[in-house]
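A quick write-up on the structure given underneath.
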Amino acid sequence: MEIFKIILLVFLIICAIAASLIRNPLLSVIVFMSYSLIMSIIWFLLESPDLAITEAAVGAGVSSILFFVTLRKLKALSEGGSYEQDKG
């Protein structure tokens with residue numbers, strides 16, 4: 001069990017670094033979502049199921065959905081013209 005915890009911590013550090021270094025916004029959101037899932041597993045192993053459920057729901061669920069919607073709107077904005085073009 002101790003090896004599993006160490007592996008999770010290593011993956012957590014890798015996800016944290018990768019989420020900040022990846023240039024592609026979509027991949028960065030996916031890595032952030034995996035970071036939240038790993039963190040929820042760690043909370044569960046630390047015997048905090050309420051924090052684990054909250055991290056999974058908010059961190060991996062709601063936040064990721066909001067990021068995906070934002071990326072979609074940014075893509076639509078860049079394809080349909082920028083604010084400067086619409087202004088005038």
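FYI, nothing fancy with the structure tokens labels: chains A, B, ... in order, residues from 1 per chain, ligands from 1 as they appear.
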Alpha helix (DSSP H) call set, DSSP backbone run, range 38-75 of chain A, as a ChimeraX atom specification: /A:38-45,49-54,63-75
8 Å contact set for Ile42 in chain A, only C-alpha atoms, chain neighbours under 3 positions out, as a VMD selection string: chain A and resid 5 8 38 to 39 45 to 46 52
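For the set A:Ala76, A:Thr70, A:Ile3, A:Thr54, the residue with the smallest atom-to-atom gap to Leu26 in chain A is A:Thr70, counting only C-alpha atoms.
Minimum atom-to-atom distances from A:Ser28, A:Ser48, A:Ser78, A:Ser64 to Ala16 in chain A were compared using only C-alpha atoms, and the lowest value belongs to A:Ser28.
Note that the spacing between CA of Trp43 in chain A and CA of Ala56 in chain A amounts to 9.9 Å.
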Contacts of Met33 in chain A within 8 Å, only C-alpha atoms, excl. fewer than 6 positions in-chain, as a PyMOL selection string: chain A and resi 59-61+64
Write the residues of the preceding selection, restricted to N, CA, C and O atoms, as a CSV table (one decimal), in the first residue's frame.
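The file below, again_0.csv, is the result:
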```
chain,number,residue,atom,x,y,z
A,59,GLY,N,-13.5,19.6,-8.4
A,59,GLY,CA,-12.2,19.7,-9.1
A,59,GLY,C,-12.2,19.0,-10.5
A,59,GLY,O,-11.8,19.6,-11.5
A,60,ALA,N,-12.6,17.8,-10.5
A,60,ALA,CA,-12.6,17.0,-11.8
A,60,ALA,C,-13.9,17.2,-12.5
A,60,ALA,O,-13.9,17.1,-13.8
A,61,GLY,N,-15.0,17.5,-11.9
A,61,GLY,CA,-16.3,17.6,-12.5
A,61,GLY,C,-16.6,19.0,-13.0
A,61,GLY,O,-16.5,19.4,-14.2
A,64,SER,N,-13.7,21.3,-14.6
A,64,SER,CA,-13.4,20.8,-15.9
A,64,SER,C,-14.4,21.2,-17.0
A,64,SER,O,-14.1,21.6,-18.1
```
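Neighbouring residues of Leu71 in chain A at 12 Å or closer, counting only C-alpha atoms and skipping chain neighbours under 2 positions away, are Asn24, Pro25, Leu26, Leu27, Ser28, Val29, Ile30, Ser64, Ile65, Leu66, Phe67, Phe68, Val69, Lys73, Leu74, Lys75, Ala76, Leu77 and Ser78 of chain A.
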Limited to C-alpha atoms, could you put the picked residues into a file as a compact mmCIF listing (two decimals), in the first residue's frame?
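Result file follows (selection.txt):
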```txt
# COMPACT_ATOMS: atom_id res chain seq x y z
CA ASN A 24 -2.23 23.20 -25.71
CA PRO A 25 -5.15 24.45 -23.56
CA LEU A 26 -7.27 21.33 -24.14
CA LEU A 27 -4.50 18.98 -23.03
CA SER A 28 -3.79 21.21 -20.07
CA VAL A 29 -7.42 20.95 -18.93
CA ILE A 30 -7.32 17.15 -19.31
CA SER A 64 -13.36 20.81 -15.95
CA ILE A 65 -16.77 21.39 -17.52
CA LEU A 66 -16.37 25.14 -17.05
CA PHE A 67 -12.89 25.00 -18.61
CA PHE A 68 -14.20 23.00 -21.60
CA VAL A 69 -17.06 25.49 -22.14
CA LYS A 73 -16.25 29.86 -26.51
CA LEU A 74 -12.68 31.02 -27.09
CA LYS A 75 -12.46 28.86 -30.21
CA ALA A 76 -15.77 30.26 -31.47
CA LEU A 77 -14.54 33.78 -30.78
CA SER A 78 -11.31 33.24 -32.69
```
Separation of CA of Ala57 in chain A from CA of Glu2 in chain A, in Å and rounded to one decimal: 26.1 Å
For Val31 in chain A: contacts at 10 Å, only C-alpha atoms, fewer than 5 positions along chain excluded, given as a PyMOL selection string: chain A and resi 14-20+22+25-26+36-37
